[in-house]
$ cat query01.txt   # compact mmCIF, C-alpha atoms
# COMPACT_ATOMS: atom_id res chain seq x y z
CA MET A 1 0.65 60.57 14.65
CA LYS A 2 1.20 56.90 15.45
CA THR A 3 4.71 55.98 16.61
CA ILE A 4 6.70 53.57 14.43
CA GLU A 5 7.82 50.21 15.80
CA PRO A 6 11.59 49.70 15.37
CA PRO A 7 12.82 46.53 13.61
CA GLU A 8 14.11 43.46 15.43
CA ILE A 9 17.81 44.34 15.07
CA ASP A 10 17.24 47.71 16.76
CA LYS A 11 15.65 45.98 19.72
CA ARG A 12 18.53 43.52 19.95
CA VAL A 13 20.94 46.41 20.53
CA GLY A 14 18.69 48.32 22.95
CA MET A 15 17.28 51.00 20.60
CA LEU A 16 13.61 50.53 21.41
CA VAL A 17 12.14 53.81 20.13
CA TYR A 18 12.39 56.61 17.57
CA VAL A 19 12.13 60.21 18.75
CA THR A 20 10.66 61.49 15.47
CA ARG A 21 7.20 60.58 14.18
CA SER A 22 7.75 60.88 10.43
CA PRO A 23 6.71 57.79 8.41
CA PRO A 24 9.21 55.27 7.00
CA VAL A 25 11.07 56.24 3.83
CA ALA A 26 12.03 53.65 1.20
CA GLY A 27 15.71 54.49 0.96
CA ARG A 28 19.14 52.87 0.94
CA ILE A 29 22.69 53.92 1.62
CA ARG A 30 26.05 52.34 0.67
CA GLU A 31 24.98 51.04 -2.74
CA LYS A 32 28.65 51.63 -3.47
CA VAL A 33 31.44 52.34 -1.03
CA GLU A 34 31.85 55.96 -2.22
CA ASP A 35 28.27 56.72 -1.10
CA PHE A 36 29.40 56.92 2.53
CA GLU A 37 32.30 59.21 3.46
CA VAL A 38 33.61 60.00 6.94
CA GLU A 39 36.24 62.57 7.84
CA GLU A 40 37.62 62.85 11.35
CA VAL A 41 37.77 66.21 13.15
CA THR A 42 40.58 66.38 15.74
CA ASP A 43 42.33 69.02 17.78
CA LEU A 44 45.75 67.39 17.50
CA ARG A 45 48.44 70.12 17.30
CA ILE A 46 50.49 69.46 14.19
CA VAL A 47 53.72 71.13 13.07
CA GLU A 48 55.52 70.78 9.74
CA ARG A 49 59.01 70.10 11.03
CA ARG A 50 60.21 66.83 12.45
CA MET A 51 60.28 66.77 16.25
CA GLU A 52 62.78 64.94 18.44
CA ARG A 53 61.01 62.20 20.39
CA GLY A 54 57.83 63.27 18.59
CA TYR A 55 55.20 61.50 16.55
CA ALA A 56 54.69 61.42 12.81
CA VAL A 57 51.07 62.25 11.97
CA TYR A 58 49.52 60.63 8.91
CA LEU A 59 46.09 61.01 7.39
CA MET A 60 44.90 57.45 6.76
CA GLU A 61 42.25 56.79 4.12
CA LYS A 62 40.70 53.34 4.00
CA ARG A 63 38.05 51.82 1.77
CA ARG A 64 35.67 48.98 2.70
CA MET A 65 37.77 47.91 5.66
CA ASP A 66 37.45 47.90 9.44
CA THR A 67 39.86 50.00 11.49
CA PHE A 68 41.66 47.03 13.08
CA THR A 69 42.49 45.53 9.68
CA ALA A 70 43.56 48.90 8.31
CA VAL A 71 45.93 49.46 11.23
CA ARG A 72 47.55 46.06 10.66
CA ARG A 73 48.11 46.94 6.98
CA VAL A 74 49.47 50.37 7.90
CA ALA A 75 51.92 48.83 10.37
CA ARG A 76 53.28 46.62 7.58
CA LEU A 77 53.53 49.57 5.20
CA LEU A 78 55.49 51.60 7.74
CA GLY A 79 57.56 48.69 9.06
CA VAL A 80 56.47 49.16 12.68
CA SER A 81 54.58 47.18 15.29
CA VAL A 82 50.79 47.39 15.38
CA LYS A 83 51.15 48.75 18.93
CA ASP A 84 53.05 51.76 17.56
CA VAL A 85 50.08 52.87 15.43
CA ARG A 86 47.67 54.96 17.48
CA TYR A 87 44.31 56.35 16.45
CA ALA A 88 41.45 58.22 18.09
CA GLY A 89 38.40 56.21 17.06
CA LEU A 90 36.92 53.37 15.04
CA LYS A 91 35.44 54.23 11.66
CA ASP A 92 32.76 52.59 9.50
CA THR A 93 33.81 49.53 7.53
CA VAL A 94 31.71 49.89 4.36
CA ALA A 95 32.78 53.45 3.63
CA VAL A 96 35.58 55.73 2.52
CA THR A 97 36.98 57.06 5.79
CA ARG A 98 39.75 59.51 6.61
CA GLN A 99 41.29 59.66 10.05
CA TYR A 100 44.58 60.58 11.68
CA ILE A 101 47.12 58.14 13.08
CA THR A 102 50.35 58.77 14.98
CA VAL A 103 53.54 56.72 14.92
CA PRO A 104 56.70 57.37 16.98
CA ALA A 105 59.03 59.13 14.55
CA ASP A 106 62.09 57.31 15.88
CA ARG A 107 60.51 53.94 14.98
CA LEU A 108 60.42 54.82 11.29
CA SER A 109 63.54 53.74 9.41
CA GLU A 110 62.50 56.13 6.65
CA VAL A 111 59.82 58.82 6.78
CA LYS A 112 57.78 58.45 3.61
CA GLU A 113 55.28 61.14 2.75
CA ASN A 114 52.87 59.00 0.73
CA LEU A 115 52.07 55.30 0.89
CA ASP A 116 49.28 53.34 -0.80
CA ASP A 117 48.51 49.62 -1.09
CA GLY A 118 45.28 49.99 -3.04
CA ARG A 119 42.86 49.93 -0.11
CA VAL A 120 44.71 51.93 2.52
CA SER A 121 46.68 55.10 1.82
CA LEU A 122 48.76 57.36 4.04
CA ARG A 123 49.72 61.01 3.63
CA LEU A 124 52.19 62.63 6.02
CA VAL A 125 50.69 65.84 7.41
CA GLY A 126 53.34 66.74 9.99
CA TYR A 127 54.49 65.93 13.50
CA SER A 128 53.09 66.24 16.99
CA ASN A 129 54.51 66.14 20.49
CA ARG A 130 51.75 63.80 21.60
CA ARG A 131 50.27 60.60 20.29
CA LEU A 132 46.62 60.03 19.54
CA ARG A 133 44.52 58.27 22.15
CA PRO A 134 41.05 56.72 21.95
CA GLY A 135 38.42 59.44 22.21
CA ALA A 136 40.83 62.29 21.37
CA LEU A 137 38.69 63.83 18.66
CA ARG A 138 36.05 66.52 18.38
CA GLY A 139 33.76 64.69 16.02
CA ASN A 140 33.24 63.41 12.49
CA ARG A 141 31.97 64.95 9.25
CA PHE A 142 29.72 62.74 7.16
CA LYS A 143 28.74 62.90 3.49
CA ILE A 144 26.18 60.24 2.59
CA ALA A 145 24.40 59.60 -0.70
CA VAL A 146 20.89 58.24 -0.19
CA SER A 147 19.14 56.21 -2.89
CA LEU A 148 15.39 56.91 -2.87
CA ARG A 149 12.78 55.04 -4.88
CA ASP A 150 10.97 58.00 -6.42
CA LYS A 151 9.98 61.66 -5.97
CA GLY A 152 7.35 60.67 -3.44
CA GLU A 153 10.00 59.14 -1.18
CA LEU A 154 12.19 62.22 -1.67
CA LYS A 155 9.35 64.42 -0.39
CA LYS A 156 8.90 62.14 2.64
CA PHE A 157 12.65 62.24 3.24
CA ILE A 158 12.69 66.06 3.13
CA ASP A 159 9.72 66.22 5.51
CA ALA A 160 11.48 63.85 7.91
CA LEU A 161 14.61 66.00 7.68
CA LYS A 162 12.59 69.10 8.56
CA GLU A 163 11.22 67.40 11.67
CA LEU A 164 14.68 66.29 12.74
CA SER A 165 16.07 69.79 12.06
CA GLU A 166 13.52 71.26 14.46
CA LEU A 167 14.77 68.89 17.12
CA SER A 168 18.37 69.87 16.20
CA GLY A 169 19.89 66.67 17.48
CA ILE A 170 19.55 62.92 18.00
CA PRO A 171 19.42 60.56 20.99
CA GLY A 172 22.84 59.53 22.21
CA PHE A 173 22.34 55.87 21.32
CA TYR A 174 25.34 53.75 20.45
CA GLY A 175 24.69 52.83 16.80
CA TYR A 176 24.62 49.55 14.92
CA GLN A 177 28.33 49.64 14.12
CA ARG A 178 29.04 49.35 17.85
CA PHE A 179 27.42 45.92 17.91
CA GLY A 180 27.42 44.63 14.33
CA VAL A 181 24.60 44.68 11.79
CA ARG A 182 24.54 41.24 10.17
CA ARG A 183 25.86 39.81 13.41
CA PRO A 184 24.77 42.13 16.25
CA ASN A 185 26.53 40.38 19.10
CA THR A 186 29.53 42.38 20.30
CA HIS A 187 27.62 43.04 23.52
CA VAL A 188 26.60 39.38 23.81
CA VAL A 189 30.26 38.33 23.81
CA GLY A 190 30.93 41.16 26.28
CA ARG A 191 28.29 39.92 28.71
CA PHE A 192 29.74 36.40 28.62
CA ILE A 193 33.18 37.83 29.39
CA VAL A 194 31.85 40.00 32.23
CA LYS A 195 30.09 36.93 33.72
CA ARG A 196 33.29 34.86 33.25
CA MET A 197 31.54 32.46 30.86
CA TRP A 198 34.65 31.85 28.76
CA ASP A 199 33.34 28.89 26.75
CA ALA A 200 30.14 30.74 25.83
CA ALA A 201 32.15 33.81 24.77
CA VAL A 202 34.35 31.73 22.44
CA ARG A 203 31.31 29.98 20.96
CA GLU A 204 29.59 33.33 20.34
CA ILE A 205 32.69 34.64 18.54
CA ALA A 206 33.27 31.64 16.28
CA GLY A 207 29.92 29.82 16.21
CA ASN A 208 26.22 30.58 16.68
CA PRO A 209 25.34 31.55 13.09
CA TYR A 210 22.96 34.50 12.67
CA PRO A 211 20.26 34.44 9.95
CA TRP A 212 21.54 37.63 8.28
CA GLU A 213 25.08 36.35 7.62
CA PRO A 214 26.49 35.43 4.19
CA PRO A 215 26.09 31.70 3.37
CA LEU A 216 29.79 30.81 3.65
CA SER A 217 30.14 32.39 7.10
CA TYR A 218 26.89 30.78 8.21
CA GLU A 219 28.08 27.34 7.11
CA ALA A 220 31.46 27.73 8.85
CA ARG A 221 29.78 28.68 12.11
CA ARG A 222 27.37 25.76 11.80
CA LEU A 223 30.32 23.38 11.42
CA PHE A 224 31.91 24.95 14.51
CA GLU A 225 28.73 24.31 16.49
CA GLU A 226 28.85 20.68 15.41
CA GLY A 227 32.40 20.40 16.74
CA LYS A 228 33.92 20.05 13.26
CA LEU A 229 36.68 22.59 13.87
CA LYS A 230 38.99 21.62 11.01
CA GLU A 231 36.15 21.76 8.50
CA ALA A 232 35.02 25.10 9.95
CA LEU A 233 38.52 26.53 9.63
CA GLU A 234 38.55 25.63 5.93
CA LYS A 235 35.17 27.31 5.40
CA TYR A 236 35.70 30.61 7.20
CA PRO A 237 36.29 33.47 4.73
CA ARG A 238 39.75 35.01 5.07
CA THR A 239 38.11 38.23 6.25
CA LEU A 240 36.99 36.50 9.47
CA PHE A 241 40.50 36.80 10.87
CA TYR A 242 39.63 36.48 14.57
CA GLU A 243 37.25 33.56 14.11
CA ARG A 244 40.05 31.71 12.33
CA LEU A 245 42.44 32.60 15.16
CA VAL A 246 39.99 31.27 17.75
CA VAL A 247 39.61 27.95 15.92
CA ARG A 248 43.35 27.53 15.39
CA LYS A 249 44.01 28.04 19.10
CA LEU A 250 41.29 25.57 20.05
CA LEU A 251 42.80 23.01 17.67
CA GLU A 252 46.15 23.58 19.37
CA GLY A 253 44.55 22.55 22.67
CA HIS A 254 44.14 25.93 24.37
CA SER A 255 41.34 26.43 26.89
CA PRO A 256 38.59 28.99 26.13
CA LEU A 257 40.16 31.48 28.56
CA GLU A 258 43.57 31.04 26.93
CA VAL A 259 41.97 31.52 23.50
CA LEU A 260 40.48 34.84 24.62
CA LYS A 261 43.90 35.93 25.89
CA HIS A 262 45.28 35.46 22.38
CA LEU A 263 42.85 38.03 20.98
CA PRO A 264 44.15 41.61 20.82
CA ARG A 265 43.51 43.54 24.01
CA SER A 266 41.72 46.23 21.99
CA LEU A 267 39.23 43.63 20.76
CA ARG A 268 38.65 42.25 24.25
CA LEU A 269 37.96 45.79 25.44
CA LEU A 270 35.61 46.31 22.50
CA TYR A 271 33.51 43.33 23.55
CA VAL A 272 33.11 44.45 27.17
CA SER A 273 32.55 48.10 26.31
CA GLY A 274 29.98 46.87 23.79
CA TYR A 275 28.04 45.40 26.69
CA GLN A 276 28.27 48.74 28.48
CA SER A 277 26.86 50.35 25.33
CA TYR A 278 23.94 47.95 25.24
CA LEU A 279 23.02 48.67 28.87
CA PHE A 280 23.20 52.40 28.16
CA ASN A 281 20.92 52.04 25.12
CA LEU A 282 18.35 50.14 27.17
CA ALA A 283 18.37 52.77 29.93
CA LEU A 284 18.16 55.61 27.39
CA SER A 285 15.23 53.93 25.61
CA ARG A 286 13.34 53.71 28.88
CA ARG A 287 14.15 57.32 29.65
CA LEU A 288 12.82 58.44 26.27
CA ILE A 289 9.59 56.52 26.82
CA GLU A 290 9.14 58.23 30.18
CA THR A 291 9.88 61.70 28.75
CA LYS A 292 7.44 61.18 25.84
CA LEU A 293 10.27 60.82 23.32
CA ASP A 294 11.93 64.14 24.17
CA PRO A 295 15.73 63.63 24.31
CA THR A 296 16.20 67.23 25.50
CA ALA A 297 14.05 66.78 28.61
CA ILE A 298 15.89 67.30 31.90
CA MET A 299 15.01 64.89 34.70
CA GLU A 300 15.59 65.44 38.39
CA GLY A 301 18.95 63.96 39.25
CA ASP A 302 20.44 64.52 35.80
CA ILE A 303 24.07 65.47 35.38
CA VAL A 304 23.69 68.70 33.41
CA ARG A 305 26.18 71.27 32.24
CA GLY A 306 24.87 74.83 32.21
CA ALA A 307 21.14 74.61 31.46
CA LYS A 308 17.84 75.17 33.18
CA ASP A 309 15.35 73.86 30.64
CA SER A 310 14.95 71.90 27.40
CA SER A 311 14.98 74.98 25.16
CA MET A 312 18.52 75.74 26.29
CA VAL A 313 19.51 72.17 25.50
CA ARG A 314 18.16 72.46 21.95
CA ARG A 315 20.15 75.63 21.38
CA GLY A 316 23.28 73.74 22.31
CA LEU A 317 23.88 75.63 25.54
CA SER A 318 24.19 72.51 27.65
CA VAL A 319 24.81 68.79 27.69
CA ILE A 320 22.84 66.21 29.65
CA TYR A 321 24.70 63.08 30.68
CA MET A 322 23.76 59.57 31.71
CA VAL A 323 26.11 56.84 32.87
CA ALA A 324 27.15 53.82 30.83
CA PRO A 325 27.73 51.23 33.60
CA GLY A 326 31.18 50.03 34.51
CA VAL A 327 33.84 50.11 37.21
CA GLY A 328 34.47 53.30 39.13
CA VAL A 329 31.08 54.94 39.70
CA ARG A 330 29.26 54.62 42.99
CA PHE A 331 25.74 54.00 41.73
CA GLU A 332 24.20 54.90 45.06
CA ARG A 333 25.39 58.44 44.34
CA LEU A 334 23.42 58.63 41.11
CA ARG A 335 20.34 60.42 42.28
CA GLY A 336 16.83 60.62 40.90
CA ARG A 337 15.25 58.71 38.05
CA PRO A 338 18.34 58.57 35.76
CA GLY A 339 20.24 56.63 38.43
CA GLU A 340 17.26 54.38 39.02
CA LEU A 341 17.03 53.55 35.33
CA ILE A 342 20.66 52.43 35.21
CA ARG A 343 20.30 50.36 38.36
CA GLU A 344 17.08 48.75 37.09
CA VAL A 345 18.72 47.68 33.84
CA MET A 346 21.76 46.26 35.64
CA ALA A 347 19.57 44.39 38.12
CA GLU A 348 17.57 42.80 35.31
CA GLU A 349 20.81 41.78 33.60
CA ASP A 350 22.18 40.51 36.95
CA VAL A 351 25.43 42.40 36.54
CA LYS A 352 27.40 44.51 39.03
CA PRO A 353 29.82 47.40 38.37
CA GLU A 354 32.82 45.53 39.75
CA GLU A 355 32.35 42.73 37.23
CA PHE A 356 33.55 45.05 34.47
CA LYS A 357 37.06 44.63 35.85
CA VAL A 358 38.10 41.36 34.23
CA GLU A 359 41.49 40.66 35.75
CA GLU A 360 41.69 37.28 34.02
CA LEU A 361 41.94 39.09 30.67
CA GLY A 362 43.75 42.19 31.88
CA ILE A 363 40.93 44.59 31.02
CA LYS A 364 38.92 47.12 32.96
CA CYS A 365 36.04 49.14 31.56
CA LYS A 366 35.28 52.22 33.60
CA ALA A 367 31.83 53.72 33.84
CA VAL A 368 31.58 56.67 31.48
CA PHE A 369 29.26 59.63 31.17
CA ARG A 370 27.59 59.88 27.79
CA GLU A 371 25.41 62.55 26.26
CA VAL A 372 21.69 61.85 26.20
CA PHE A 373 21.18 64.34 23.35
CA MET A 374 23.76 64.85 20.60
CA LYS A 375 23.45 68.06 18.64
CA PHE A 376 24.39 67.92 14.98
CA THR A 377 25.78 70.83 12.96
CA GLU A 378 26.23 71.73 9.28
CA LEU A 379 23.16 69.68 8.29
CA LYS A 380 22.64 70.02 4.53
CA LEU A 381 20.77 68.13 1.80
CA THR A 382 21.98 68.51 -1.79
CA VAL A 383 19.59 67.43 -4.54
CA GLN A 384 20.70 67.52 -8.17
CA PRO A 385 18.86 66.12 -11.22
CA GLY A 386 20.10 62.67 -12.17
CA SER A 387 22.05 62.16 -8.94
CA LYS A 388 21.30 60.68 -5.55
CA PRO A 389 20.46 63.21 -2.82
CA VAL A 390 23.51 63.79 -0.63
CA LEU A 391 23.13 64.41 3.10
CA SER A 392 26.04 66.01 4.96
CA PHE A 393 26.40 66.82 8.65
CA THR A 394 28.82 66.83 11.56
CA LEU A 395 28.33 64.91 14.80
CA PRO A 396 30.27 65.31 18.05
CA GLN A 397 32.61 62.66 19.41
CA GLY A 398 30.72 59.44 20.01
CA GLY A 399 27.87 60.29 17.64
CA TYR A 400 26.73 57.73 15.07
CA ALA A 401 25.57 58.72 11.58
CA THR A 402 23.34 55.66 11.43
CA VAL A 403 21.45 56.82 14.53
CA LEU A 404 20.60 60.00 12.63
CA LEU A 405 19.72 58.06 9.47
CA ARG A 406 17.49 55.58 11.33
CA GLU A 407 15.33 58.52 12.44
CA LEU A 408 14.91 59.59 8.80
CA LEU A 409 14.42 56.22 7.07
CA LYS A 410 12.91 54.02 9.82
CA GLN A 411 13.86 50.91 7.86
CA ASP A 412 15.31 47.54 8.70
CA PRO A 413 19.04 48.42 8.88
CA LEU A 414 20.01 45.52 6.61
CA LYS A 415 17.54 46.55 3.90
CA ALA A 416 18.64 50.17 4.25
CA GLY A 417 22.33 49.31 3.92
CA PHE A 418 23.29 50.51 7.42

$ encode --input "query01.txt" --output "C-alpha cells"
Amino acid sequence: MKTIEPPEIDKRVGMLVYVTRSPPVAGRIREKVEDFEVEEVTDLRIVERRMERGYAVYLMEKRRMDTFTAVRRVARLLGVSVKDVRYAGLKDTVAVTRQYITVPADRLSEVKENLDDGRVSLRLVGYSNRRLRPGALRGNRFKIAVSLRDKGELKKFIDALKELSELSGIPGFYGYQRFGVRRPNTHVVGRFIVKRMWDAAVREIAGNPYPWEPPLSYEARRLFEEGKLKEALEKYPRTLFYERLVVRKLLEGHSPLEVLKHLPRSLRLLYVSGYQSYLFNLALSRRLIETKLDPTAIMEGDIVRGAKDSSMVRRGLSVIYMVAPGVGVRFERLRGRPGELIREVMAEEDVKPEEFKVEELGIKCKAVFREVFMKFTELKLTVQPGSKPVLSFTLPQGGYATVLLRELLKQDPLKAGF
C-alpha cells in the first residue's frame, strides 16, 4: 500500500512520516470542548490529614485554557504566588483536563476544599510530604469523541484502529501541542534563543504572522512587523498575554534580551526545550525511514532496556531510547546509527550541545533520553447510535494523544481539530 504524505504542519515540526499505512479518514475532534478529556495519572502519595511542612494536593480541572493561564488563576484563587503552585505536566488547551497541583500548606491562609471561578475548579484531595515536579507522572488517560462524516468513514476508522492495535504503540514524536498548531513556532523561538539571536526571538514571539492564525492576531502581528507597536498592542487579543508583555516592554525601552528576561522562566525553558523536541522529531523521522517505518526495530547502538528483538518491544517488555539533544551528554559516546542520526541533525542545524546552556537567560536544557516507541494501554472504541464514536486510551508520560490520532486520521491537523 502506498505511504501517505504528511501535511505541511507535520513537516514543520519534524514529523515526516506515518508508521501505519491505512488511508486518510475524514474526521474531526474538539467540535466542542467536552469532546476531548484528559486525566492525569500520578504516583504522588496522598494522605487525608494535614501534614506539618507538607503540601496541599488539589485536583485542578480546567476548560479551554492553557496550563500557564490556569496556574495564574489558581494562584489568585488560593491567595498564593504563582511560584508556589507546582504541577507535573502541561495539558491540552482546547479540552477538559484534570491534573494535580501542590501548594505549600503553610502558605494558605485558609484551606478551602472546593474552589471554582467558572473555568478552573479545585478540589482538595489530601496532603503530601513532597511537591509535584515536572515529569512526575505515570501518564495520561484520554477520552476523545471523534466526528466522522458517514458510516464509510467509520469503517475506515475502525480498520485504521485495528492496524494500530496490531502495532500496539506509536512513535515517540513530540506532538503538535509541543510546538503550536495555528502557530507552530515554539521551536523556532527556541533556536533563536540557543543561537543568541535575541531580536529574532522577540520578533518571532510577537510578530511574523502565520497564515493559520485568527484575523485579529494576524493583523496585530503585521502591525508589529511594521514597527507600529502601539497600534499592535491595541489589536492583540487579551488572550495573547505574553505578546502584549513583549510589546509593553519594548515600548518602555527595554532591549530584546531584557524583554526575554521578563518572560517567565518556565516559558523560556519551554521555547528551548521545544527546539530540542524538534531535533528529536527530525532524528526519529529519519530513523523510521531507515527501519522501514518500524518503531519497534532495534538498531545497533541503541539504548535498550531488557529486550533482544522487536517482538519483545511490542509486548511491552522493553523500552528503546534515543537522545533529545542538549547539555550534558557526550555525543561521541553515542554509538552506532542512533548517535549518528542525532549528530547529523545537529550538524545540519549548526547547533552544539553546549549552546543549550543559555546563561544570559538563566536556563539550561539537559539532553534527555526519550522513548522511540510508546506503548498505549486500555485502547477502546465505543460506538453508540446517534452519538459520536468515543476513543479512550492511556499513554505513558510524554506521550501525545494527537500523535496517536494523526496515525488514524492522517488529516491536516487544523482541519481535524488537533

$ residues_around --input "query01.txt" --residues "A:Ile158" --least-positions-apart "3" --cutoff "12 Å" --atoms "only C-alpha atoms" --output "PDB file with C-alpha atoms, keeping the file's coordinate frame"
ATOM      1  CA  SER A  22       7.750  60.880  10.430  1.00  0.00           C
ATOM      2  CA  PRO A  23       6.710  57.790   8.410  1.00  0.00           C
ATOM      3  CA  PRO A  24       9.210  55.270   7.000  1.00  0.00           C
ATOM      4  CA  VAL A  25      11.070  56.240   3.830  1.00  0.00           C
ATOM      5  CA  VAL A 146      20.890  58.240  -0.190  1.00  0.00           C
ATOM      6  CA  LEU A 148      15.390  56.910  -2.870  1.00  0.00           C
ATOM      7  CA  LYS A 151       9.980  61.660  -5.970  1.00  0.00           C
ATOM      8  CA  GLY A 152       7.350  60.670  -3.440  1.00  0.00           C
ATOM      9  CA  GLU A 153      10.000  59.140  -1.180  1.00  0.00           C
ATOM     10  CA  LEU A 154      12.190  62.220  -1.670  1.00  0.00           C
ATOM     11  CA  LYS A 155       9.350  64.420  -0.390  1.00  0.00           C
ATOM     12  CA  LEU A 161      14.610  66.000   7.680  1.00  0.00           C
ATOM     13  CA  LYS A 162      12.590  69.100   8.560  1.00  0.00           C
ATOM     14  CA  GLU A 163      11.220  67.400  11.670  1.00  0.00           C
ATOM     15  CA  LEU A 164      14.680  66.290  12.740  1.00  0.00           C
ATOM     16  CA  SER A 165      16.070  69.790  12.060  1.00  0.00           C
ATOM     17  CA  LYS A 380      22.640  70.020   4.530  1.00  0.00           C
ATOM     18  CA  LEU A 381      20.770  68.130   1.800  1.00  0.00           C
ATOM     19  CA  THR A 382      21.980  68.510  -1.790  1.00  0.00           C
ATOM     20  CA  VAL A 383      19.590  67.430  -4.540  1.00  0.00           C
ATOM     21  CA  PRO A 389      20.460  63.210  -2.820  1.00  0.00           C
ATOM     22  CA  VAL A 390      23.510  63.790  -0.630  1.00  0.00           C
ATOM     23  CA  LEU A 391      23.130  64.410   3.100  1.00  0.00           C
ATOM     24  CA  LEU A 408      14.910  59.590   8.800  1.00  0.00           C
ATOM     25  CA  LEU A 409      14.420  56.220   7.070  1.00  0.00           C
TER      26      LEU A 409
END

$ atom_distance --input "query01.txt" --atom1 "atom CA of A:Ser128" --atom2 "atom CA of A:Arg53"
9.5 Å

$ closest_atom_pairs --input "query01.txt" --of "stretch 41-87 of chain A" --to "stretch 119-123 of chain A" --cutoff "6 Å" --atoms "all atoms listed in the file" --output "Markdown table"
| residue | atom | partner | partner_atom | distance |
| --- | --- | --- | --- | --- |
| A:Tyr58 | CA | A:Arg123 | CA | 5.3 |
| A:Leu59 | CA | A:Arg123 | CA | 5.2 |
| A:Met60 | CA | A:Leu122 | CA | 4.7 |
| A:Glu61 | CA | A:Ser121 | CA | 5.3 |
| A:Lys62 | CA | A:Val120 | CA | 4.5 |
| A:Arg63 | CA | A:Arg119 | CA | 5.5 |

$ closest_residue --input "query01.txt" --among "A:Leu293, A:Val188, A:Leu361, A:Val71" --to "A:Leu16" --atoms "only C-alpha atoms"
A:Leu293

$ atom_distance --input "query01.txt" --atom1 "atom CA of A:Asp150" --atom2 "atom CA of A:Glu31"
16.1 Å

$ closest_residue --input "query01.txt" --among "A:Ala347, A:Ala88, A:Ile170, A:Leu78" --to "A:Arg406" --atoms "only C-alpha atoms"
A:Ile170

$ residues_near_point --input "query01.txt" --point "(33.8, 44.8, 33.8)" --cutoff "10 Å" --atoms "all atoms listed in the file" --output "number ranges by chain"
A: 190-191, 193-196, 269, 272-273, 275-276, 325-327, 351-359, 363-367

$ atom_distance --input "query01.txt" --atom1 "atom CA of A:Ser217" --atom2 "atom CA of A:Arg203"
14.1 Å

$ residues_near_point --input "query01.txt" --point "(44.7, 34.3, 27.7)" --cutoff "12 Å" --atoms "all atoms listed in the file" --output "number ranges by chain"
A: 198, 202, 246, 249, 254-265, 268, 358-363

$ write_last_selection --input "query01.txt" --atoms "C-alpha atoms" --output "tab-separated table (two decimals), in the frame of the given file"
chain	number	residue	atom	x	y	z
A	198	TRP	CA	34.65	31.85	28.76
A	202	VAL	CA	34.35	31.73	22.44
A	246	VAL	CA	39.99	31.27	17.75
A	249	LYS	CA	44.01	28.04	19.10
A	254	HIS	CA	44.14	25.93	24.37
A	255	SER	CA	41.34	26.43	26.89
A	256	PRO	CA	38.59	28.99	26.13
A	257	LEU	CA	40.16	31.48	28.56
A	258	GLU	CA	43.57	31.04	26.93
A	259	VAL	CA	41.97	31.52	23.50
A	260	LEU	CA	40.48	34.84	24.62
A	261	LYS	CA	43.90	35.93	25.89
A	262	HIS	CA	45.28	35.46	22.38
A	263	LEU	CA	42.85	38.03	20.98
A	264	PRO	CA	44.15	41.61	20.82
A	265	ARG	CA	43.51	43.54	24.01
A	268	ARG	CA	38.65	42.25	24.25
A	358	VAL	CA	38.10	41.36	34.23
A	359	GLU	CA	41.49	40.66	35.75
A	360	GLU	CA	41.69	37.28	34.02
A	361	LEU	CA	41.94	39.09	30.67
A	362	GLY	CA	43.75	42.19	31.88
A	363	ILE	CA	40.93	44.59	31.02

$ closest_residue --input "query01.txt" --among "A:Tyr87, A:Tyr100, A:Tyr278, A:Phe173" --to "A:Glu407" --atoms "only C-alpha atoms"
A:Phe173

$ closest_residue --input "query01.txt" --among "A:Leu132, A:Val74, A:Val80, A:Ala283" --to "A:Ile46" --atoms "only C-alpha atoms"
A:Leu132

$ closest_atom_pairs --input "query01.txt" --of "stretch 235-282 of chain A" --to "stretch 206-209 of chain A" --cutoff "10 Å" --atoms "all atoms listed in the file" --output "Markdown table"
| residue | atom | partner | partner_atom | distance |
| --- | --- | --- | --- | --- |
| A:Tyr236 | CA | A:Ala206 | CA | 9.5 |
| A:Leu240 | CA | A:Ala206 | CA | 9.2 |
| A:Tyr242 | CA | A:Ala206 | CA | 8.2 |
| A:Glu243 | CA | A:Ala206 | CA | 4.9 |
| A:Arg244 | CA | A:Ala206 | CA | 7.8 |
| A:Leu245 | CA | A:Ala206 | CA | 9.3 |
| A:Val246 | CA | A:Ala206 | CA | 6.9 |
| A:Val247 | CA | A:Ala206 | CA | 7.3 |

$ closest_residue --input "query01.txt" --among "A:Phe280, A:Phe192, A:Phe393, A:Tyr55" --to "A:Val368" --atoms "all atoms listed in the file"
A:Phe280

$ closest_residue --input "query01.txt" --among "A:Ser109, A:Asn281, A:Ser387, A:Gln397" --to "A:Tyr174" --atoms "all atoms listed in the file"
A:Asn281

$ residues_around --input "query01.txt" --residues "A:Glu48" --least-positions-apart "6" --cutoff "8 Å" --atoms "all atoms listed in the file" --output "list of chain:residue names"
A:Val125, A:Gly126, A:Tyr127

$ decode --input "query01.txt" --residues "stretch 210-216 of chain A" --atoms "N, CA and C atoms" --output "PDB file, in the first residue's frame"
ATOM      1  N   TYR A 210       1.397  34.031  11.033  1.00  0.00           N
ATOM      2  CA  TYR A 210       1.280  32.758  10.318  1.00  0.00           C
ATOM      3  C   TYR A 210      -0.077  32.709   9.621  1.00  0.00           C
ATOM      4  N   PRO A 211      -0.169  32.044   8.468  1.00  0.00           N
ATOM      5  CA  PRO A 211      -1.413  32.072   7.685  1.00  0.00           C
ATOM      6  C   PRO A 211      -2.600  31.415   8.364  1.00  0.00           C
ATOM      7  N   TRP A 212      -2.367  30.588   9.395  1.00  0.00           N
ATOM      8  CA  TRP A 212      -3.466  29.852  10.023  1.00  0.00           C
ATOM      9  C   TRP A 212      -4.042  30.574  11.237  1.00  0.00           C
ATOM     10  N   GLU A 213      -3.508  31.761  11.552  1.00  0.00           N
ATOM     11  CA  GLU A 213      -3.954  32.479  12.749  1.00  0.00           C
ATOM     12  C   GLU A 213      -5.293  33.192  12.543  1.00  0.00           C
ATOM     13  N   PRO A 214      -6.022  33.459  13.631  1.00  0.00           N
ATOM     14  CA  PRO A 214      -7.245  34.264  13.529  1.00  0.00           C
ATOM     15  C   PRO A 214      -6.915  35.660  13.002  1.00  0.00           C
ATOM     16  N   PRO A 215      -7.855  36.302  12.305  1.00  0.00           N
ATOM     17  CA  PRO A 215      -7.598  37.604  11.672  1.00  0.00           C
ATOM     18  C   PRO A 215      -7.067  38.685  12.614  1.00  0.00           C
ATOM     19  N   LEU A 216      -7.622  38.780  13.822  1.00  0.00           N
ATOM     20  CA  LEU A 216      -7.202  39.832  14.745  1.00  0.00           C
ATOM     21  C   LEU A 216      -5.749  39.642  15.166  1.00  0.00           C
TER      22      LEU A 216
END
